[in-house]
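Asks: My questions will all concern the structure given below.
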Amino acid sequence: MKVSLSLLAIAQTAEAWSASSSRGTFGRPSALSSTVEDAPPASAETYADPSRYLNDHPSNNVPPHIAALVGRGLHTRPDHPIGIVRAKIQEYFATLPHEYVVYDAEDPIVTTTQCFDDLRIPPDHPGRSPSDTYYVNDETLLRTHTSAHQSEHLRSGADCFLCAGDVYRRDEIDSSHYPAFHQLEGVRLFPEEEMAGADGLKGEEWTSSDECATISVDLKNTLEGLMDHLFGETEKKWSEDYFPFTTPSFELEIKYEGEWLEVLGCGVIHEEVLQMADRPDRRGWAFGLGLERLAMILFEIPDIRLFWTDDERFHSQFKEGQITKFKPYSKFPPVYKDIAFWIPEDFVENDFFEMARGVAGDIVERMELIDEFTNPKKGKTSKCYRITYRSMDRSLTNEEIDALQDSLREKVEVDLGVEVR
Ligand code: PHE
């Protein structure tokens, strides 16, 4: 995937499951839910136990710095920007005629069946590969999208629901990409009688029916209403998209400060997904949106790492129910370091990115490929990456970064089999 220079070309919503991209337990209704009474408290802390994610299984590729993020429950904190946006979305759905049940405490560990098979994601889809996904063992993984919970809620009989949670993807490193982020999923099934005319229709016959069109129109109207609720009246643009679990599928972009931004993926739920979830008699829509992206725009938060900081200068700025512009409390200077190496044939870029965060943590702000060439005689390829180190709360010294860069050079040689130049 291409590293985008523009802050506002923020990724991490829907593209990972679209055709063009390379890339537990049952949830309980939330305590924040406006629709469920006597709900137990959100159980995020249950998940804040790194040993749940770390083990010796040969397929386990969860590093300790990722295991430490799980269970922070940012989406359930009423005064955290992620929690504030989520509440604002819920507020909108509460004004609609159908009652949406809210889930936000599902186990972030899901099975490959939940995350992929139940959603018709084929075995060879790149999103399943360990270079993109954190596996706990062969059968379980850190969910890569909240769609992993669609089927279980449908199976348990829910018709309209929202589901919010932290999701995990191995990815590039820049101001808008972080391996942990948050999504909010929405699903609506239509009353059977409204869909009676399309009974038993499949494939093209179904997608060209009036009933399917009714669902698409309702989906688009609902989401346009949501965008207006969040951003005020905004320019919007729909395009066709592809997800294995919806057809037709769409993406929505909004115009923000002169740029088109993709904010969500959605579509009419594929009939096979409904069949597998034991709801073959029903039809409906689903969408999934990235909460960080919306929060970065609404609060003008310039760097995705800030959502995870413990710094009071960040947290004291936000209050429940209020969307306010973030005032940067500091901008410390960056330190740039380049690293160049000959790569082995099985080089996986995400392994390298992750290793840098493993060595230096969140002060790794950005990693970009700045040079690449192949030596035809040697038949070898060299890559040169520029790493931007910057702390959000203090100045870095050149010496400390040199030390980190040295550790990284050693580690990539040993663990990735590259030859540092
Ligand atoms: N799960 C998709 C993603 O993460 C988004 C999506 C949800 C698309 C529901 C369609 C329907 O990219």
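For the structure tokens, the naming scheme is as follows: chains receive sequential letters (A, B, ...) according to their order of presentation, residues are indexed from 1 within each chain, and ligands are indexed from 1 in presentation order.
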Apply DSSP to the structure's backbone, then extract all residues of region 104-270 of chain A labelled helix (DSSP H, G or I) and return them as an NGL selection string.

Replies: :A and (112-115 or 117-119 or 126-128 or 146-155 or 192-198 or 203-207 or 210-231)

Asks: Take the selection from the previous step and output its residues with C-alpha atoms, as a short mmCIF file (atom, residue, chain, number, x, y, z; two decimals), in the first residue's frame.

Replies:
```
data_model
loop_
_atom_site.label_atom_id
_atom_site.label_comp_id
_atom_site.auth_asym_id
_atom_site.auth_seq_id
_atom_site.Cartn_x
_atom_site.Cartn_y
_atom_site.Cartn_z
CA THR A 112 -10.73 -17.25 11.50
CA THR A 113 -14.33 -18.40 10.98
CA GLN A 114 -15.73 -15.23 12.53
CA CYS A 115 -13.29 -12.85 10.91
CA ASP A 117 -15.15 -17.56 6.60
CA ASP A 118 -18.48 -16.28 7.87
CA LEU A 119 -17.89 -13.23 5.67
CA PRO A 126 -4.23 -11.11 1.42
CA GLY A 127 -6.04 -9.81 4.50
CA ARG A 128 -5.67 -13.27 6.04
CA THR A 146 -15.58 -5.22 13.57
CA SER A 147 -17.36 -7.13 10.79
CA ALA A 148 -15.95 -10.19 12.60
CA HIS A 149 -18.92 -9.85 14.98
CA GLN A 150 -21.67 -9.41 12.38
CA SER A 151 -22.53 -13.07 12.09
CA GLU A 152 -22.64 -13.86 15.81
CA HIS A 153 -25.05 -11.01 16.47
CA LEU A 154 -27.20 -11.91 13.49
CA ARG A 155 -27.24 -15.53 14.64
CA GLU A 192 -39.65 -9.68 6.17
CA GLU A 193 -42.88 -8.30 4.78
CA GLU A 194 -41.07 -5.39 3.10
CA MET A 195 -38.84 -7.86 1.29
CA ALA A 196 -41.50 -10.45 0.42
CA GLY A 197 -41.37 -9.58 -3.27
CA ALA A 198 -37.79 -10.80 -3.50
CA GLY A 203 -27.27 -13.51 -7.29
CA GLU A 204 -28.09 -11.09 -10.11
CA GLU A 205 -31.81 -11.63 -9.75
CA TRP A 206 -31.61 -10.40 -6.18
CA THR A 207 -29.21 -7.52 -6.78
CA ASP A 210 -36.53 -3.39 -6.36
CA GLU A 211 -36.12 -4.71 -2.83
CA CYS A 212 -32.34 -4.68 -3.07
CA ALA A 213 -32.52 -1.13 -4.44
CA THR A 214 -34.72 -0.15 -1.48
CA ILE A 215 -32.03 -1.38 0.91
CA SER A 216 -29.26 0.49 -0.93
CA VAL A 217 -31.27 3.72 -0.87
CA ASP A 218 -32.01 3.36 2.84
CA LEU A 219 -28.35 2.62 3.55
CA LYS A 220 -27.16 5.67 1.67
CA ASN A 221 -29.75 7.96 3.23
CA THR A 222 -28.93 6.71 6.71
CA LEU A 223 -25.20 7.27 6.25
CA GLU A 224 -25.59 10.65 4.60
CA GLY A 225 -27.69 11.66 7.61
CA LEU A 226 -24.91 10.42 9.89
CA MET A 227 -22.31 12.52 8.07
CA ASP A 228 -24.47 15.63 8.32
CA HIS A 229 -24.91 14.93 12.02
CA LEU A 230 -21.14 14.71 12.48
CA PHE A 231 -19.86 17.35 10.09
#
```

Asks: Residues within 10 Å of Phe347 (chain A), please, as a ChimeraX atom specification. Count only C-alpha atoms; anything in the same chain fewer than 5 positions from it doesn't count.

Replies: /A:342,352,416-418

Asks: Store the residues picked out above in a file with N, CA and C atoms, as a PDB file, in the first residue's frame.

Replies:
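Dumped everything to result.pdb:
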```
ATOM      1  N   TRP A 342      20.339  -4.841   1.732  1.00  0.00           N
ATOM      2  CA  TRP A 342      19.976  -5.795   0.693  1.00  0.00           C
ATOM      3  C   TRP A 342      18.925  -6.709   1.283  1.00  0.00           C
ATOM      4  N   PHE A 352       9.485  -5.419   9.097  1.00  0.00           N
ATOM      5  CA  PHE A 352      10.495  -4.400   9.365  1.00  0.00           C
ATOM      6  C   PHE A 352       9.872  -3.209  10.114  1.00  0.00           C
ATOM      7  N   LEU A 416      15.592 -10.643  10.301  1.00  0.00           N
ATOM      8  CA  LEU A 416      14.975 -10.574   8.970  1.00  0.00           C
ATOM      9  C   LEU A 416      15.904 -11.048   7.879  1.00  0.00           C
ATOM     10  N   GLY A 417      17.148 -11.337   8.240  1.00  0.00           N
ATOM     11  CA  GLY A 417      18.105 -11.858   7.256  1.00  0.00           C
ATOM     12  C   GLY A 417      18.472 -10.849   6.180  1.00  0.00           C
ATOM     13  N   VAL A 418      18.381  -9.551   6.496  1.00  0.00           N
ATOM     14  CA  VAL A 418      18.808  -8.567   5.499  1.00  0.00           C
ATOM     15  C   VAL A 418      20.290  -8.291   5.711  1.00  0.00           C
TER      16      VAL A 418
END
```

Asks: Would you mind listing the residues within 9 Å of ligand 1, counting only C-alpha atoms and all ligand atoms, as a ChimeraX atom specification?

Replies: /A:12-18,144-148,150,167,183-187,241-247,249-251,264-269,285-290

Asks: Would you save the residues of that selection, restricted to C-alpha atoms, as a PDB file, in the first residue's frame?

Replies:
```pdb
ATOM      1  CA  GLN A  12      -7.721   2.670   7.854  1.00  0.00           C
ATOM      2  CA  THR A  13     -11.367   2.513   7.138  1.00  0.00           C
ATOM      3  CA  ALA A  14     -12.592   0.199   4.556  1.00  0.00           C
ATOM      4  CA  GLU A  15      -9.918  -0.368   2.011  1.00  0.00           C
ATOM      5  CA  ALA A  16      -8.205  -3.377   3.486  1.00  0.00           C
ATOM      6  CA  TRP A  17     -10.987  -5.697   2.444  1.00  0.00           C
ATOM      7  CA  SER A  18     -11.671  -4.159  -0.888  1.00  0.00           C
ATOM      8  CA  THR A 144      -8.947  -7.016  11.802  1.00  0.00           C
ATOM      9  CA  HIS A 145     -12.395  -5.438  11.534  1.00  0.00           C
ATOM     10  CA  THR A 146     -15.584  -5.216  13.568  1.00  0.00           C
ATOM     11  CA  SER A 147     -17.361  -7.134  10.787  1.00  0.00           C
ATOM     12  CA  ALA A 148     -15.951 -10.187  12.603  1.00  0.00           C
ATOM     13  CA  GLN A 150     -21.670  -9.408  12.384  1.00  0.00           C
ATOM     14  CA  VAL A 167      -9.139  -3.675  15.628  1.00  0.00           C
ATOM     15  CA  GLN A 183     -14.124   0.730  14.019  1.00  0.00           C
ATOM     16  CA  LEU A 184     -17.848   1.024  14.356  1.00  0.00           C
ATOM     17  CA  GLU A 185     -20.039  -1.418  12.515  1.00  0.00           C
ATOM     18  CA  GLY A 186     -23.725  -0.984  11.823  1.00  0.00           C
ATOM     19  CA  VAL A 187     -26.256  -3.539  10.614  1.00  0.00           C
ATOM     20  CA  ASP A 241     -16.591  -0.756  -3.937  1.00  0.00           C
ATOM     21  CA  TYR A 242     -16.032  -4.447  -3.350  1.00  0.00           C
ATOM     22  CA  PHE A 243     -16.304  -6.503  -0.178  1.00  0.00           C
ATOM     23  CA  PRO A 244     -16.849 -10.268  -0.224  1.00  0.00           C
ATOM     24  CA  PHE A 245     -19.616  -9.917   2.374  1.00  0.00           C
ATOM     25  CA  THR A 246     -21.744  -7.232   0.732  1.00  0.00           C
ATOM     26  CA  THR A 247     -23.105  -6.815  -2.760  1.00  0.00           C
ATOM     27  CA  SER A 249     -20.866  -2.482  -2.054  1.00  0.00           C
ATOM     28  CA  PHE A 250     -20.140   1.226  -1.799  1.00  0.00           C
ATOM     29  CA  GLU A 251     -17.706   3.662  -0.317  1.00  0.00           C
ATOM     30  CA  LEU A 264     -16.579   4.280   5.263  1.00  0.00           C
ATOM     31  CA  GLY A 265     -17.351   1.065   3.414  1.00  0.00           C
ATOM     32  CA  CYS A 266     -20.793  -0.474   3.244  1.00  0.00           C
ATOM     33  CA  GLY A 267     -23.245  -2.510   1.229  1.00  0.00           C
ATOM     34  CA  VAL A 268     -26.201  -4.844   1.025  1.00  0.00           C
ATOM     35  CA  ILE A 269     -25.368  -7.950   3.075  1.00  0.00           C
ATOM     36  CA  TRP A 285     -27.383  -3.634   4.996  1.00  0.00           C
ATOM     37  CA  ALA A 286     -24.080  -3.217   6.851  1.00  0.00           C
ATOM     38  CA  PHE A 287     -21.421  -0.529   7.110  1.00  0.00           C
ATOM     39  CA  GLY A 288     -18.082  -0.120   8.852  1.00  0.00           C
ATOM     40  CA  LEU A 289     -16.289   3.116   9.601  1.00  0.00           C
ATOM     41  CA  GLY A 290     -12.972   4.057  11.145  1.00  0.00           C
TER      42      GLY A 290
END
```

Asks: Mind giving me the straight-line distance from CA of Arg72 (chain A) to CA of His315 (chain A) in Å, one decimal?

Replies: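 Distance reported for this atom pair: 14.4 Å.
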
Asks: Expressed in Å to a single decimal, how great is the separation between CA of Thr95 (chain A) and CA of Phe161 (chain A)?

Replies: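 For CA of Thr95 (chain A) relative to CA of Phe161 (chain A), the distance reads 13.8 Å.
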
Asks: From a DSSP calculation on the backbone, collect every residue of region 135-239 of chain A in strand (DSSP E) and output the set as a list in words.

Replies: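 DSSP-assigned strand (DSSP E) residues in region 135-239 of chain A: Thr140, Leu141, Leu142, Cys160, Phe161, Leu162, Cys163, Ala164, Gly165, Asp166, Val167, Tyr168, Ala180, Phe181, His182, Gln183, Leu184, Glu185, Gly186, Val187, Arg188, Leu189, Lys236, Lys237, Trp238 and Ser239 of chain A.
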
Asks: Would you put the residues from that selection into a file with C-alpha atoms, as a PDB file, in the first residue's frame?

Replies:
```pdb
ATOM      1  CA  THR A 140      -7.559 -17.303  16.472  1.00  0.00           C
ATOM      2  CA  LEU A 141      -6.396 -13.770  15.805  1.00  0.00           C
ATOM      3  CA  LEU A 142      -6.820 -10.154  16.848  1.00  0.00           C
ATOM      4  CA  CYS A 160     -30.484  -3.672  14.112  1.00  0.00           C
ATOM      5  CA  PHE A 161     -27.221  -3.147  15.925  1.00  0.00           C
ATOM      6  CA  LEU A 162     -24.052  -1.127  16.246  1.00  0.00           C
ATOM      7  CA  CYS A 163     -20.800  -2.675  17.330  1.00  0.00           C
ATOM      8  CA  ALA A 164     -17.680  -0.720  18.239  1.00  0.00           C
ATOM      9  CA  GLY A 165     -14.249  -1.989  19.100  1.00  0.00           C
ATOM     10  CA  ASP A 166     -10.501  -1.926  18.713  1.00  0.00           C
ATOM     11  CA  VAL A 167      -9.139  -3.675  15.628  1.00  0.00           C
ATOM     12  CA  TYR A 168      -5.594  -4.629  14.666  1.00  0.00           C
ATOM     13  CA  ALA A 180      -4.383  -0.638  16.500  1.00  0.00           C
ATOM     14  CA  PHE A 181      -7.417   1.485  15.711  1.00  0.00           C
ATOM     15  CA  HIS A 182     -11.173   1.500  16.206  1.00  0.00           C
ATOM     16  CA  GLN A 183     -14.124   0.730  14.019  1.00  0.00           C
ATOM     17  CA  LEU A 184     -17.848   1.024  14.356  1.00  0.00           C
ATOM     18  CA  GLU A 185     -20.039  -1.418  12.515  1.00  0.00           C
ATOM     19  CA  GLY A 186     -23.725  -0.984  11.823  1.00  0.00           C
ATOM     20  CA  VAL A 187     -26.256  -3.539  10.614  1.00  0.00           C
ATOM     21  CA  ARG A 188     -29.929  -3.257   9.779  1.00  0.00           C
ATOM     22  CA  LEU A 189     -32.181  -6.116   8.704  1.00  0.00           C
ATOM     23  CA  LYS A 236     -20.538  13.684  -0.366  1.00  0.00           C
ATOM     24  CA  LYS A 237     -19.582  11.257  -3.087  1.00  0.00           C
ATOM     25  CA  TRP A 238     -20.600   7.606  -3.437  1.00  0.00           C
ATOM     26  CA  SER A 239     -18.595   5.103  -5.440  1.00  0.00           C
TER      27      SER A 239
END
```

Asks: A:Trp308, A:Ile173, A:Val414, A:Leu274: which is nearest Tyr385 (chain A), counting only C-alpha atoms?

Replies: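 Looking at the shortest contact to Tyr385 (chain A), the residue is A:Ile173.
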
Asks: May I ask which of the residues A:Leu201, A:Arg390, A:Thr111, A:Glu354 is the closest one to Glu272 (chain A), counting only C-alpha atoms?

Replies: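 Checking each of A:Leu201, A:Arg390, A:Thr111, A:Glu354 against Glu272 (chain A), counting only C-alpha atoms, the winner is A:Leu201.
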
Asks: When you draw a straight line from CA of Leu404 (chain A) to CA of Pro328 (chain A), how long is it in Å?

Replies: 26.5 Å

Asks: Just want the 12 Å neighbourhood of Lys325 (chain A), counted on only C-alpha atoms, with same-chain residues fewer than 2 positions away dropped. Output as a tab-separated table (two decimals) with N, CA and C atoms, in the first residue's frame.

Replies:
```tsv
chain	number	residue	atom	x	y	z
A	81	PRO	N	-11.50	11.35	22.70
A	81	PRO	CA	-12.05	11.68	21.37
A	81	PRO	C	-12.69	10.48	20.66
A	295	ALA	N	-12.37	11.11	14.05
A	295	ALA	CA	-11.92	11.93	15.18
A	295	ALA	C	-10.78	12.86	14.77
A	296	MET	N	-9.89	12.40	13.91
A	296	MET	CA	-8.79	13.27	13.47
A	296	MET	C	-9.32	14.49	12.75
A	297	ILE	N	-10.37	14.28	11.96
A	297	ILE	CA	-10.96	15.40	11.24
A	297	ILE	C	-11.73	16.32	12.19
A	298	LEU	N	-12.59	15.72	13.01
A	298	LEU	CA	-13.46	16.54	13.85
A	298	LEU	C	-12.70	17.33	14.90
A	299	PHE	N	-11.69	16.71	15.51
A	299	PHE	CA	-10.95	17.36	16.59
A	299	PHE	C	-9.65	18.00	16.09
A	300	GLU	N	-9.37	17.86	14.80
A	300	GLU	CA	-8.10	18.34	14.22
A	300	GLU	C	-6.90	17.77	14.98
A	301	ILE	N	-6.92	16.46	15.16
A	301	ILE	CA	-5.81	15.78	15.82
A	301	ILE	C	-4.82	15.33	14.73
A	302	PRO	N	-3.59	15.86	14.76
A	302	PRO	CA	-2.70	15.68	13.61
A	302	PRO	C	-1.98	14.34	13.55
A	314	PHE	N	-2.98	16.20	26.69
A	314	PHE	CA	-3.91	15.74	25.66
A	314	PHE	C	-5.30	15.55	26.29
A	317	GLN	N	-7.93	18.24	27.45
A	317	GLN	CA	-8.59	19.08	26.44
A	317	GLN	C	-9.99	18.58	26.05
A	318	PHE	N	-10.33	17.36	26.44
A	318	PHE	CA	-11.57	16.78	25.91
A	318	PHE	C	-12.60	16.50	27.00
A	319	LYS	N	-13.85	16.81	26.66
A	319	LYS	CA	-14.94	16.60	27.60
A	319	LYS	C	-16.06	15.82	26.92
A	322	GLN	N	-18.47	16.85	23.80
A	322	GLN	CA	-18.03	18.09	23.15
A	322	GLN	C	-16.98	17.84	22.10
A	323	ILE	N	-17.21	18.45	20.93
A	323	ILE	CA	-16.20	18.36	19.88
A	323	ILE	C	-15.47	19.69	19.84
A	327	LYS	N	-5.56	21.61	20.64
A	327	LYS	CA	-4.49	22.61	20.61
A	327	LYS	C	-3.18	21.89	20.85
A	328	PRO	N	-2.33	21.80	19.83
A	328	PRO	CA	-1.05	21.10	20.00
A	328	PRO	C	-0.29	21.72	21.16
```

Asks: Given only C-alpha atoms as the basis, pick out the residue of A:Pro376, A:Gly200, A:Pro64, A:Pro123 nearest to Gln275 (chain A).

Replies: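 For Gln275 (chain A), the nearest of the given residues is A:Gly200.
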
Asks: With only C-alpha atoms as the atoms that count, which of A:Arg293, A:Arg52, A:Lys377, A:His125 lies nearest to Ile66 (chain A)?

Replies: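 Smallest distance to Ile66 (chain A) is found for A:Arg52.
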